[in-house]
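Undergrad: My structure is stored as run-v4.cif, with mmCIF, C-alpha atoms; chains and numbers go by the auth columns.
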data_input
loop_
_atom_site.group_PDB
_atom_site.id
_atom_site.type_symbol
_atom_site.label_atom_id
_atom_site.label_comp_id
_atom_site.label_asym_id
_atom_site.label_seq_id
_atom_site.Cartn_x
_atom_site.Cartn_y
_atom_site.Cartn_z
_atom_site.B_iso_or_equiv
_atom_site.auth_seq_id
_atom_site.auth_asym_id
ATOM 1 C CA MET A 1 0.000 0.000 0.000 0.00 1 I
ATOM 2 C CA GLY A 2 1.470 3.368 -1.042 0.00 2 I
ATOM 3 C CA ASP A 3 0.431 6.950 -1.509 0.00 3 I
ATOM 4 C CA ILE A 4 -2.451 7.506 -3.907 0.00 4 I
ATOM 5 C CA LYS A 5 -0.736 9.833 -6.353 0.00 5 I
ATOM 6 C CA LEU A 6 -3.283 10.588 -9.063 0.00 6 I
ATOM 7 C CA MET A 7 -6.283 11.401 -6.892 0.00 7 I
ATOM 8 C CA LYS A 8 -7.007 14.303 -4.545 0.00 8 I
ATOM 9 C CA ARG A 9 -9.414 13.910 -1.636 0.00 9 I
ATOM 10 C CA LEU A 10 -11.634 16.953 -1.220 0.00 10 I
ATOM 11 C CA LEU A 11 -12.983 17.733 2.265 0.00 11 I
ATOM 12 C CA VAL A 12 -15.375 20.661 2.507 0.00 12 I
ATOM 13 C CA CYS A 13 -16.857 22.548 5.431 0.00 13 I
ATOM 14 C CA ASN A 14 -19.018 25.602 4.830 0.00 14 I
ATOM 15 C CA LEU A 15 -20.309 26.875 8.163 0.00 15 I
ATOM 16 C CA PRO A 16 -23.397 29.095 8.003 0.00 16 I
ATOM 17 C CA ALA A 17 -23.317 32.620 9.383 0.00 17 I
ATOM 18 C CA ARG A 18 -25.675 31.475 12.117 0.00 18 I
ATOM 19 C CA PRO A 19 -24.494 28.079 13.420 0.00 19 I
ATOM 20 C CA ASN A 20 -27.330 25.636 13.968 0.00 20 I
ATOM 21 C CA ARG A 21 -27.680 22.214 15.521 0.00 21 I
ATOM 22 C CA ARG A 22 -26.364 20.455 12.414 0.00 22 I
ATOM 23 C CA TYR A 23 -23.586 22.874 11.473 0.00 23 I
ATOM 24 C CA ARG A 24 -21.581 23.700 14.599 0.00 24 I
ATOM 25 C CA LYS A 25 -17.827 24.174 14.547 0.00 25 I
ATOM 26 C CA GLU A 26 -17.252 22.306 17.795 0.00 26 I
ATOM 27 C CA THR A 27 -19.100 19.288 16.378 0.00 27 I
ATOM 28 C CA ILE A 28 -17.561 19.378 12.907 0.00 28 I
ATOM 29 C CA LEU A 29 -13.882 19.928 13.792 0.00 29 I
ATOM 30 C CA PRO A 30 -13.436 16.455 15.378 0.00 30 I
ATOM 31 C CA VAL A 31 -14.956 14.951 12.220 0.00 31 I
ATOM 32 C CA ILE A 32 -12.557 16.885 9.980 0.00 32 I
ATOM 33 C CA ASN A 33 -9.574 15.899 12.114 0.00 33 I
ATOM 34 C CA CYS A 34 -10.631 12.268 12.194 0.00 34 I
ATOM 35 C CA GLN A 35 -11.063 12.295 8.413 0.00 35 I
ATOM 36 C CA ILE A 36 -7.536 13.615 7.924 0.00 36 I
ATOM 37 C CA ASP A 37 -6.040 11.135 10.376 0.00 37 I
ATOM 38 C CA SER A 38 -7.870 8.209 8.783 0.00 38 I
ATOM 39 C CA LEU A 39 -6.744 9.164 5.275 0.00 39 I
ATOM 40 C CA LEU A 40 -3.121 9.497 6.355 0.00 40 I
ATOM 41 C CA THR A 41 -3.345 6.140 8.110 0.00 41 I
ATOM 42 C CA LEU A 42 -4.748 4.517 4.972 0.00 42 I
ATOM 43 C CA GLY A 43 -1.901 5.696 2.759 0.00 43 I
ATOM 44 C CA TRP A 44 -2.569 9.277 1.718 0.00 44 I
ATOM 45 C CA ASN A 45 -0.019 12.070 1.586 0.00 45 I
ATOM 46 C CA ALA A 46 -1.114 15.296 3.287 0.00 46 I
ATOM 47 C CA LYS A 47 -0.476 17.257 0.061 0.00 47 I
ATOM 48 C CA ASN A 48 -3.212 15.245 -1.656 0.00 48 I
ATOM 49 C CA ILE A 49 -5.860 16.085 0.934 0.00 49 I
ATOM 50 C CA LEU A 50 -7.573 19.352 0.001 0.00 50 I
ATOM 51 C CA LEU A 51 -9.545 20.949 2.828 0.00 51 I
ATOM 52 C CA LEU A 52 -11.710 23.877 1.709 0.00 52 I
ATOM 53 C CA THR A 53 -13.506 25.858 4.392 0.00 53 I
ATOM 54 C CA ASN A 54 -14.762 29.335 5.239 0.00 54 I
ATOM 55 C CA PHE A 55 -12.662 29.456 8.437 0.00 55 I
ATOM 56 C CA LYS A 56 -9.032 28.880 9.433 0.00 56 I
ATOM 57 C CA HIS A 57 -7.975 25.359 10.308 0.00 57 I
ATOM 58 C CA ASP A 58 -4.942 23.101 10.024 0.00 58 I
ATOM 59 C CA PHE A 59 -4.287 19.584 11.239 0.00 59 I
ATOM 60 C CA MET A 60 -1.507 17.040 10.684 0.00 60 I
ATOM 61 C CA GLY A 61 -0.011 18.987 7.787 0.00 61 I
ATOM 62 C CA VAL A 62 -3.312 19.738 6.062 0.00 62 I
ATOM 63 C CA ASN A 63 -3.993 23.486 5.919 0.00 63 I
ATOM 64 C CA ALA A 64 -7.453 24.730 5.033 0.00 64 I
ATOM 65 C CA ILE A 65 -7.935 26.778 1.871 0.00 65 I
ATOM 66 C CA GLN A 66 -10.470 29.481 2.696 0.00 66 I
ATOM 67 C CA ILE A 67 -12.950 30.385 -0.039 0.00 67 I
ATOM 68 C CA ASP A 68 -16.356 32.010 -0.367 0.00 68 I
ATOM 69 C CA PHE A 69 -19.129 29.482 -0.889 0.00 69 I
ATOM 70 C CA ASN A 70 -22.695 29.801 -2.067 0.00 70 I
ATOM 71 C CA LYS A 71 -24.614 30.910 1.024 0.00 71 I
ATOM 72 C CA GLN A 72 -27.942 29.411 -0.038 0.00 72 I
ATOM 73 C CA CYS A 73 -27.124 25.842 -1.043 0.00 73 I
ATOM 74 C CA LEU A 74 -25.025 24.666 1.903 0.00 74 I
ATOM 75 C CA THR A 75 -25.350 20.981 1.030 0.00 75 I
ATOM 76 C CA GLY A 76 -23.925 21.701 -2.415 0.00 76 I
ATOM 77 C CA SER A 77 -20.742 23.338 -1.166 0.00 77 I
ATOM 78 C CA LYS A 78 -18.639 20.489 -2.615 0.00 78 I
ATOM 79 C CA LEU A 79 -19.584 21.709 -6.092 0.00 79 I
ATOM 80 C CA TRP A 80 -18.245 25.227 -5.529 0.00 80 I
ATOM 81 C CA ALA A 81 -15.146 23.716 -3.939 0.00 81 I
ATOM 82 C CA ALA A 82 -14.610 21.379 -6.914 0.00 82 I
ATOM 83 C CA GLN A 83 -15.030 24.308 -9.297 0.00 83 I
ATOM 84 C CA TYR A 84 -12.396 26.258 -7.346 0.00 84 I
ATOM 85 C CA ILE A 85 -9.992 23.304 -7.345 0.00 85 I
ATOM 86 C CA PHE A 86 -10.129 22.770 -11.098 0.00 86 I
ATOM 87 C CA LYS A 87 -10.078 26.438 -12.064 0.00 87 I
ATOM 88 C CA ASN A 88 -7.002 26.973 -9.893 0.00 88 I
ATOM 89 C CA ASN A 89 -5.244 23.873 -11.258 0.00 89 I
ATOM 90 C CA LEU A 90 -5.001 22.196 -7.872 0.00 90 I
ATOM 91 C CA CYS A 91 -5.879 18.741 -9.234 0.00 91 I
ATOM 92 C CA ASP A 92 -4.345 17.124 -12.317 0.00 92 I
ATOM 93 C CA GLU A 93 -6.357 13.917 -12.397 0.00 93 I
ATOM 94 C CA ILE A 94 -9.318 12.713 -10.336 0.00 94 I
ATOM 95 C CA LEU A 95 -10.948 14.764 -7.573 0.00 95 I
ATOM 96 C CA TRP A 96 -12.693 12.669 -4.945 0.00 96 I
ATOM 97 C CA ALA A 97 -15.442 14.897 -3.525 0.00 97 I
ATOM 98 C CA GLY A 98 -17.276 13.113 -0.730 0.00 98 I
ATOM 99 C CA ASP A 99 -19.291 14.432 2.198 0.00 99 I
ATOM 100 C CA LEU A 100 -17.548 14.909 5.539 0.00 100 I
ATOM 101 C CA ASP A 101 -19.384 11.817 6.784 0.00 101 I
ATOM 102 C CA LEU A 102 -18.138 9.715 3.853 0.00 102 I
ATOM 103 C CA TRP A 103 -15.284 7.543 5.168 0.00 103 I
ATOM 104 C CA MET A 104 -12.622 5.520 3.389 0.00 104 I
ATOM 105 C CA SER A 105 -13.065 2.100 4.991 0.00 105 I
ATOM 106 C CA THR A 106 -10.236 0.346 3.189 0.00 106 I
ATOM 107 C CA TYR A 107 -7.414 1.341 0.845 0.00 107 I
ATOM 108 C CA PHE A 108 -8.343 1.577 -2.838 0.00 108 I
ATOM 109 C CA ASP A 109 -6.910 2.882 -6.083 0.00 109 I
ATOM 110 C CA GLU A 110 -8.591 5.456 -8.318 0.00 110 I
ATOM 111 C CA PRO A 111 -11.880 4.230 -9.812 0.00 111 I
ATOM 112 C CA GLU A 112 -12.087 3.865 -13.568 0.00 112 I
ATOM 113 C CA ILE A 113 -14.505 6.582 -14.680 0.00 113 I
ATOM 114 C CA LEU A 114 -15.424 8.615 -17.729 0.00 114 I
ATOM 115 C CA ASP A 115 -15.675 12.275 -16.694 0.00 115 I
ATOM 116 C CA VAL A 116 -17.882 11.710 -13.641 0.00 116 I
ATOM 117 C CA GLY A 117 -18.306 8.705 -11.361 0.00 117 I
ATOM 118 C CA LEU A 118 -20.898 8.191 -8.636 0.00 118 I
ATOM 119 C CA SER A 119 -23.165 5.561 -7.111 0.00 119 I
ATOM 120 C CA THR A 120 -26.915 5.263 -6.634 0.00 120 I
ATOM 121 C CA TYR A 121 -29.100 4.842 -3.582 0.00 121 I
ATOM 122 C CA SER A 122 -30.799 1.491 -2.916 0.00 122 I
ATOM 123 C CA ASN A 123 -33.232 2.840 -5.509 0.00 123 I
ATOM 124 C CA VAL A 124 -30.895 2.388 -8.455 0.00 124 I
ATOM 125 C CA LYS A 125 -32.683 5.117 -10.428 0.00 125 I
ATOM 126 C CA LYS A 126 -31.562 7.839 -8.017 0.00 126 I
ATOM 127 C CA LEU A 127 -27.974 9.112 -8.181 0.00 127 I
ATOM 128 C CA ASN A 128 -26.297 9.829 -4.845 0.00 128 I
ATOM 129 C CA GLY A 129 -24.512 13.176 -4.790 0.00 129 I
ATOM 130 C CA GLY A 130 -22.810 12.489 -1.464 0.00 130 I
ATOM 131 C CA ASN A 131 -19.754 10.963 -3.107 0.00 131 I
ATOM 132 C CA ILE A 132 -18.643 11.982 -6.590 0.00 132 I
ATOM 133 C CA PHE A 133 -15.411 11.473 -8.505 0.00 133 I
ATOM 134 C CA TRP A 134 -14.665 14.203 -11.065 0.00 134 I
ATOM 135 C CA ASN A 135 -11.862 14.245 -13.607 0.00 135 I
ATOM 136 C CA THR A 136 -10.315 17.354 -15.135 0.00 136 I
ATOM 137 C CA GLU A 137 -12.635 17.194 -18.160 0.00 137 I
ATOM 138 C CA SER A 138 -15.736 17.529 -15.997 0.00 138 I
ATOM 139 C CA ILE A 139 -15.450 21.253 -15.223 0.00 139 I
ATOM 140 C CA ASP A 140 -18.145 22.176 -17.751 0.00 140 I
ATOM 141 C CA ILE A 141 -20.544 19.767 -16.039 0.00 141 I
ATOM 142 C CA ILE A 142 -19.764 21.256 -12.641 0.00 142 I
ATOM 143 C CA ASP A 143 -20.287 24.737 -14.088 0.00 143 I
ATOM 144 C CA LYS A 144 -23.653 23.696 -15.542 0.00 144 I
ATOM 145 C CA ILE A 145 -24.887 22.235 -12.247 0.00 145 I
ATOM 146 C CA ILE A 146 -23.792 25.322 -10.310 0.00 146 I
ATOM 147 C CA GLU A 147 -25.333 27.660 -12.888 0.00 147 I
ATOM 148 C CA THR A 148 -28.654 25.797 -12.658 0.00 148 I
ATOM 149 C CA ILE A 149 -28.645 25.849 -8.850 0.00 149 I
ATOM 150 C CA GLU A 150 -27.934 29.583 -8.786 0.00 150 I
ATOM 151 C CA GLN A 151 -30.502 30.464 -11.457 0.00 151 I
ATOM 152 C CA ARG A 152 -33.245 28.557 -9.666 0.00 152 I
ATOM 153 C CA GLU A 153 -32.011 29.520 -6.184 0.00 153 I
ATOM 154 C CA GLU A 154 -32.114 25.858 -5.192 0.00 154 I
ATOM 155 C CA GLN A 155 -31.337 24.927 -1.591 0.00 155 I
ATOM 156 C CA LYS A 156 -30.529 21.293 -2.430 0.00 156 I
ATOM 157 C CA GLU A 157 -28.066 20.224 -5.104 0.00 157 I
ATOM 158 C CA GLU A 158 -28.925 16.544 -5.520 0.00 158 I
ATOM 159 C CA PRO A 159 -32.087 16.964 -7.640 0.00 159 I
ATOM 160 C CA VAL A 160 -30.082 19.180 -10.018 0.00 160 I
ATOM 161 C CA ILE A 161 -27.223 16.673 -10.107 0.00 161 I
ATOM 162 C CA ASN A 162 -29.697 13.951 -11.063 0.00 162 I
ATOM 163 C CA GLU A 163 -31.307 16.135 -13.712 0.00 163 I
ATOM 164 C CA ILE A 164 -28.060 17.215 -15.371 0.00 164 I
ATOM 165 C CA LEU A 165 -26.170 13.926 -15.213 0.00 165 I
ATOM 166 C CA LYS A 166 -29.136 12.010 -16.638 0.00 166 I
ATOM 167 C CA SER A 167 -29.644 14.387 -19.552 0.00 167 I
ATOM 168 C CA GLY A 168 -28.637 13.368 -23.066 0.00 168 I
ATOM 169 C CA LYS A 169 -25.727 15.744 -23.384 0.00 169 I
ATOM 170 C CA TYR A 170 -23.997 14.624 -20.205 0.00 170 I
ATOM 171 C CA LYS A 171 -25.307 11.095 -19.627 0.00 171 I
ATOM 172 C CA LYS A 172 -22.662 9.514 -21.865 0.00 172 I
ATOM 173 C CA ARG A 173 -19.914 11.009 -19.709 0.00 173 I
ATOM 174 C CA VAL A 174 -21.086 9.462 -16.438 0.00 174 I
ATOM 175 C CA THR A 175 -19.920 6.188 -14.882 0.00 175 I
ATOM 176 C CA ILE A 176 -22.284 4.542 -12.401 0.00 176 I
ATOM 177 C CA LEU A 177 -20.078 3.048 -9.707 0.00 177 I
ATOM 178 C CA ASN A 178 -20.828 0.002 -7.611 0.00 178 I
ATOM 179 C CA THR A 179 -22.356 0.764 -4.198 0.00 179 I
ATOM 180 C CA SER A 180 -19.050 -0.215 -2.588 0.00 180 I
ATOM 181 C CA TRP A 181 -18.081 3.379 -3.371 0.00 181 I
ATOM 182 C CA ASN A 182 -20.964 4.788 -1.316 0.00 182 I
ATOM 183 C CA CYS A 183 -22.567 2.433 1.195 0.00 183 I
ATOM 184 C CA GLY A 184 -24.922 4.544 3.272 0.00 184 I
ATOM 185 C CA CYS A 185 -27.623 4.117 5.905 0.00 185 I
ATOM 186 C CA SER A 186 -30.726 4.445 3.750 0.00 186 I
ATOM 187 C CA GLY A 187 -31.414 1.053 2.221 0.00 187 I
ATOM 188 C CA PHE A 188 -28.232 -0.163 3.894 0.00 188 I
ATOM 189 C CA TYR A 189 -28.609 -3.888 3.375 0.00 189 I
ATOM 190 C CA PRO A 190 -29.501 -3.777 -0.352 0.00 190 I
ATOM 191 C CA ARG A 191 -26.585 -1.411 -0.941 0.00 191 I
ATOM 192 C CA PHE A 192 -24.242 -3.634 1.060 0.00 192 I
ATOM 193 C CA LEU A 193 -25.491 -6.758 -0.680 0.00 193 I
ATOM 194 C CA ARG A 194 -24.954 -5.308 -4.175 0.00 194 I
ATOM 195 C CA ALA A 195 -21.555 -3.855 -3.337 0.00 195 I
ATOM 196 C CA GLU A 196 -18.197 -5.293 -4.268 0.00 196 I
ATOM 197 C CA LYS A 197 -16.358 -6.344 -1.128 0.00 197 I
ATOM 198 C CA PRO A 198 -14.626 -5.091 0.856 0.00 198 I
ATOM 199 C CA ILE A 199 -16.646 -1.909 1.173 0.00 199 I
ATOM 200 C CA ARG A 200 -14.545 1.026 0.016 0.00 200 I
ATOM 201 C CA CYS A 201 -16.563 4.046 1.228 0.00 201 I
ATOM 202 C CA VAL A 202 -18.874 4.149 4.221 0.00 202 I
ATOM 203 C CA HIS A 203 -21.449 6.952 4.439 0.00 203 I
ATOM 204 C CA LEU A 204 -21.776 7.287 8.183 0.00 204 I
ATOM 205 C CA ASN A 205 -22.751 10.233 10.383 0.00 205 I
ATOM 206 C CA ILE A 206 -20.559 9.344 13.319 0.00 206 I
ATOM 207 C CA ASN A 207 -22.657 11.470 15.706 0.00 207 I
ATOM 208 C CA ASN A 208 -25.815 9.509 14.857 0.00 208 I
ATOM 209 C CA ARG A 209 -26.382 6.463 17.064 0.00 209 I
ATOM 210 C CA LEU A 210 -28.652 4.712 14.563 0.00 210 I
ATOM 211 C CA ALA A 211 -26.094 5.184 11.798 0.00 211 I
ATOM 212 C CA TRP A 212 -23.312 3.682 13.918 0.00 212 I
ATOM 213 C CA GLU A 213 -25.486 0.711 14.891 0.00 213 I
ATOM 214 C CA THR A 214 -26.359 0.169 11.233 0.00 214 I
ATOM 215 C CA HIS A 215 -22.804 0.198 9.887 0.00 215 I
ATOM 216 C CA ALA A 216 -20.890 -1.388 12.763 0.00 216 I
ATOM 217 C CA LEU A 217 -23.300 -3.396 14.936 0.00 217 I
ATOM 218 C CA SER A 218 -25.581 -5.104 12.394 0.00 218 I
ATOM 219 C CA ARG A 219 -28.761 -3.201 13.168 0.00 219 I
ATOM 220 C CA ASP A 220 -30.025 -4.602 9.849 0.00 220 I
ATOM 221 C CA GLY A 221 -30.164 -8.051 11.483 0.00 221 I
ATOM 222 C CA MET A 222 -28.129 -9.793 8.778 0.00 222 I
ATOM 223 C CA GLY A 223 -24.799 -9.945 10.591 0.00 223 I
ATOM 224 C CA VAL A 224 -22.908 -7.658 8.209 0.00 224 I
ATOM 225 C CA ARG A 225 -20.850 -4.520 8.790 0.00 225 I
ATOM 226 C CA SER A 226 -19.345 -1.935 6.458 0.00 226 I
ATOM 227 C CA VAL A 227 -16.846 -0.372 8.870 0.00 227 I
ATOM 228 C CA SER A 228 -13.434 -2.021 8.690 0.00 228 I
ATOM 229 C CA LYS A 229 -11.586 -2.770 11.926 0.00 229 I
ATOM 230 C CA GLN A 230 -8.923 -0.243 10.944 0.00 230 I
ATOM 231 C CA LEU A 231 -11.477 2.511 10.396 0.00 231 I
ATOM 232 C CA GLU A 232 -13.254 1.621 13.626 0.00 232 I
ATOM 233 C CA HIS A 233 -9.976 1.962 15.522 0.00 233 I
ATOM 234 C CA ILE A 234 -9.468 5.489 14.174 0.00 234 I
ATOM 235 C CA LEU A 235 -13.093 6.498 14.770 0.00 235 I
ATOM 236 C CA ARG A 236 -12.930 5.375 18.394 0.00 236 I
ATOM 237 C CA LYS A 237 -9.775 7.442 18.851 0.00 237 I
ATOM 238 C CA TYR A 238 -11.812 10.612 18.227 0.00 238 I
ATOM 239 C CA PHE A 239 -15.226 9.366 19.350 0.00 239 I
ATOM 240 C CA PRO A 240 -14.517 7.087 22.346 0.00 240 I
ATOM 241 C CA ASN A 241 -18.163 6.841 23.353 0.00 241 I
ATOM 242 C CA LEU A 242 -19.230 4.874 20.276 0.00 242 I
ATOM 243 C CA ALA A 243 -21.382 1.913 21.285 0.00 243 I
ATOM 244 C CA THR A 244 -19.942 -1.602 21.366 0.00 244 I
ATOM 245 C CA GLU A 245 -23.304 -3.354 21.245 0.00 245 I
ATOM 246 C CA LEU A 246 -26.822 -2.671 20.021 0.00 246 I
ATOM 247 C CA SER A 247 -29.215 -0.697 22.184 0.00 247 I
ATOM 248 C CA LEU A 248 -32.414 -2.440 23.296 0.00 248 I
ATOM 249 C CA GLU A 249 -34.307 -0.546 20.636 0.00 249 I
ATOM 250 C CA GLY A 250 -31.644 -1.540 18.113 0.00 250 I
ATOM 251 C CA GLU A 251 -31.962 -5.223 19.005 0.00 251 I
ATOM 252 C CA LYS A 252 -35.723 -5.082 18.524 0.00 252 I
ATOM 253 C CA ARG A 253 -35.307 -3.326 15.198 0.00 253 I
ATOM 254 C CA SER A 254 -32.670 -5.853 14.187 0.00 254 I
ATOM 255 C CA ILE A 255 -35.168 -8.702 14.546 0.00 255 I
ATOM 256 C CA GLU A 256 -37.779 -6.830 12.520 0.00 256 I
ATOM 257 C CA LEU A 257 -35.356 -5.994 9.724 0.00 257 I
ATOM 258 C CA ARG A 258 -34.008 -9.537 9.516 0.00 258 I
ATOM 259 C CA LYS A 259 -37.519 -10.875 8.881 0.00 259 I
ATOM 260 C CA LYS A 260 -38.014 -8.235 6.219 0.00 260 I
ATOM 261 C CA HIS A 261 -34.726 -9.003 4.448 0.00 261 I
ATOM 262 C CA LEU A 262 -35.230 -12.771 4.497 0.00 262 I
ATOM 263 C CA ASN A 263 -38.600 -12.410 2.783 0.00 263 I
ATOM 264 C CA LYS A 264 -37.430 -10.017 0.080 0.00 264 I
ATOM 265 C CA VAL A 265 -35.347 -10.422 -3.042 0.00 265 I
ATOM 266 C CA TYR A 266 -32.933 -7.572 -3.781 0.00 266 I
#
Could you write out this structure as structure tokens?
TA:
Amino acid sequence: MGDIKLMKRLLVCNLPARPNRRYRKETILPVINCQIDSLLTLGWNAKNILLLTNFKHDFMGVNAIQIDFNKQCLTGSKLWAAQYIFKNNLCDEILWAGDLDLWMSTYFDEPEILDVGLSTYSNVKKLNGGNIFWNTESIDIIDKIIETIEQREEQKEEPVINEILKSGKYKKRVTILNTSWNCGCSGFYPRFLRAEKPIRCVHLNINNRLAWETHALSRDGMGVRSVSKQLEHILRKYFPNLATELSLEGEKRSIELRKKHLNKVY
């Protein structure tokens, strides 16, 4: 395992002017630091981790690049960050733009993509914008998505991503990646089942108990987990209070979900 040389990992944090329950600096900073630590542990070089924020921060050799983001579409901040990266020639190959709660569970090489690569939800018709790989030829697509969001004053980027990437002009430039590249909580078991193993990317809000139980403690009832032992070790370093066993509610839900999965074909 060596440094991933062709790909840059983009981490983005755009804090609103008025911090709210979801976007608080004191909650997000441990996540950012854990992300950086986990990437370095899994073989990344600090120079290939691009942290774009609207505040000062540095950790383990990764210094934040401060930029102005769109103030209306907070969830789409990765798009403005990706646009900045490419227009300032900070990435020569593939830019891996995943949410802050998208974790590298095991080492992997760059995915083979056209100009854009992303996975779907358990509903295979819906593209998941929480983890996208862009190459240097994709800047016009990023520009188009951003332009559409701004013109319509959209507050969510994912419907626009789905619209643009499924359109005739851009559809031929998109690679649909296996769910191993984005295994999240919604429809967890179908996504896990369809994924190549081992799971590469885990979409896990580490501050959400249900999410942790789902990914690490088999809340789905099928005895599977997406979090590697190595990733779990790093996560517990920053979040020592993570559960080691299912809650009573989780155990009950586990039984219900197991019955559901056993009687359904995915």
Undergrad: Could you please give me, as an mmCIF file with C-alpha atoms, in the coordinates of the input, the residues of protein, DNA or RNA lying at most 6 Å from (-10.5, 9.2, 2.2) in the coordinate frame of the file, considering all atoms listed in the file?
TA:
data_model
loop_
_atom_site.group_PDB
_atom_site.id
_atom_site.type_symbol
_atom_site.label_atom_id
_atom_site.label_comp_id
_atom_site.auth_asym_id
_atom_site.auth_seq_id
_atom_site.Cartn_x
_atom_site.Cartn_y
_atom_site.Cartn_z
ATOM 1 C CA LEU I 39 -6.744 9.164 5.275
ATOM 2 C CA TRP I 103 -15.284 7.543 5.168
ATOM 3 C CA MET I 104 -12.622 5.520 3.389
#
Undergrad: Do you have the atom CA of Cys91 of chain I-atom CA of Met7 of chain I distance handy?
TA: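 Spanning atom CA of Cys91 of chain I to atom CA of Met7 of chain I is a straight-line distance of 7.7 Å.
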Undergrad: Do a neighbour search on Glu249 of chain I at 12 Å with only C-alpha atoms, toss out local chain neighbours closer than 6 positions, and write the hits as a list in words.
TA: Arg209, Leu210, Glu213, Arg219, Ile255 and Glu256 of chain I
Undergrad: Under the rule that all atoms listed in the file are counted, which of I:Gly76, I:Ile149, I:Glu157, I:Tyr266 is the nearest residue to Ala195 of chain I?
TA: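 Checking each candidate against Ala195 of chain I, we get I:Tyr266 as the closest.
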Undergrad: Identify which of the residues I:Arg173, I:Lys87, I:Lys71, I:Lys259 lies closest to Gln155 of chain I, counting all atoms listed in the file when measuring atom-to-atom distances.
TA: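 Checking each candidate against Gln155 of chain I, we get I:Lys71 as the closest.
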Undergrad: Considering only C-alpha atoms, give me a table of residues in segment 33-98 of chain I that are at most 8 Å from segment 106-129 of chain I, with the closest atom pair and distance in Å for each, as JSON lines.
TA:
{"residue": "I:Leu42", "atom": "CA", "partner": "I:Tyr107", "partner_atom": "CA", "distance": 5.9}
{"residue": "I:Gly43", "atom": "CA", "partner": "I:Tyr107", "partner_atom": "CA", "distance": 7.3}
{"residue": "I:Ile94", "atom": "CA", "partner": "I:Glu110", "partner_atom": "CA", "distance": 7.6}
Undergrad: Using only C-alpha atoms, which residues sit within 10 Å of Tyr84 of chain I once same-chain residues fewer than 6 positions away are excluded, as a count of residues only?
TA: 7
Undergrad: Taking the file as shown, find all residues satisfying the PyMOL selection byres ((chain I and resi 140) around 12) and write them as a short mmCIF file (atom, residue, chain, number, x, y, z; two decimals) with C-alpha atoms, in the frame of the given file.
TA:
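Just written: part.cif:
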data_model
loop_
_atom_site.label_atom_id
_atom_site.label_comp_id
_atom_site.auth_asym_id
_atom_site.auth_seq_id
_atom_site.Cartn_x
_atom_site.Cartn_y
_atom_site.Cartn_z
CA LEU I 79 -19.58 21.71 -6.09
CA ALA I 82 -14.61 21.38 -6.91
CA GLN I 83 -15.03 24.31 -9.30
CA PHE I 86 -10.13 22.77 -11.10
CA LYS I 87 -10.08 26.44 -12.06
CA ASP I 115 -15.68 12.28 -16.69
CA VAL I 116 -17.88 11.71 -13.64
CA TRP I 134 -14.66 14.20 -11.06
CA ASN I 135 -11.86 14.24 -13.61
CA THR I 136 -10.32 17.35 -15.14
CA GLU I 137 -12.64 17.19 -18.16
CA SER I 138 -15.74 17.53 -16.00
CA ILE I 139 -15.45 21.25 -15.22
CA ILE I 141 -20.54 19.77 -16.04
CA ILE I 142 -19.76 21.26 -12.64
CA ASP I 143 -20.29 24.74 -14.09
CA LYS I 144 -23.65 23.70 -15.54
CA ILE I 145 -24.89 22.24 -12.25
CA ILE I 146 -23.79 25.32 -10.31
CA GLU I 147 -25.33 27.66 -12.89
CA ILE I 164 -28.06 17.22 -15.37
CA LEU I 165 -26.17 13.93 -15.21
CA LYS I 169 -25.73 15.74 -23.38
CA TYR I 170 -24.00 14.62 -20.20
CA ARG I 173 -19.91 11.01 -19.71
#
Undergrad: May I ask which of the residues I:Asn88, I:Ser218, I:Ser77, I:Asn48 is the closest one to Tyr189 of chain I, counting all atoms listed in the file?
TA: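 Closest residue, counting all atoms listed in the file: I:Ser218.
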Undergrad: Kindly resolve the PyMOL selection byres ((chain I and resi 206) around 9) on the present coordinates and return the residues as JSON, numbers by chain.
TA: {"I": [31, 101, 204, 205, 207, 208, 209, 211, 212, 235, 239, 242]}
Undergrad: So which residues are close to (-3.2, 15.9, -0.6), meaning at most 12 Å away in the file's coordinates with only C-alpha atoms counted, and can you show them as a count of residues only?
TA: 33
Undergrad: Please enclose the listed atoms of segment 133-142 of chain I in an axis-aligned box, pad each side by 4 Å, and write out the centre and the three edge lengths in Å, rounded to one decimal, as JSON.
TA:
{"center_x": -15.4, "center_y": 16.8, "center_z": -13.3, "size_x": 18.2, "size_y": 18.7, "size_z": 17.7}
Undergrad: Written as a list in words, which residues does the PyMOL selection byres ((chain I and resi 102) around 9) give for the file shown?
TA: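 In the shown coordinates, the PyMOL selection byres ((chain I and resi 102) around 9) covers Gln35, Gly98, Asp99, Leu100, Asp101, Trp103, Met104, Gly130, Asn131, Asn182, Cys183, Gly184, Cys201, Val202, His203, Leu204 and Asn205 of chain I.
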Undergrad: Please measure the separation of atom CA of Thr214 of chain I and atom CA of Arg200 of chain I, giving the value in Å to one decimal.
TA: 16.3 Å
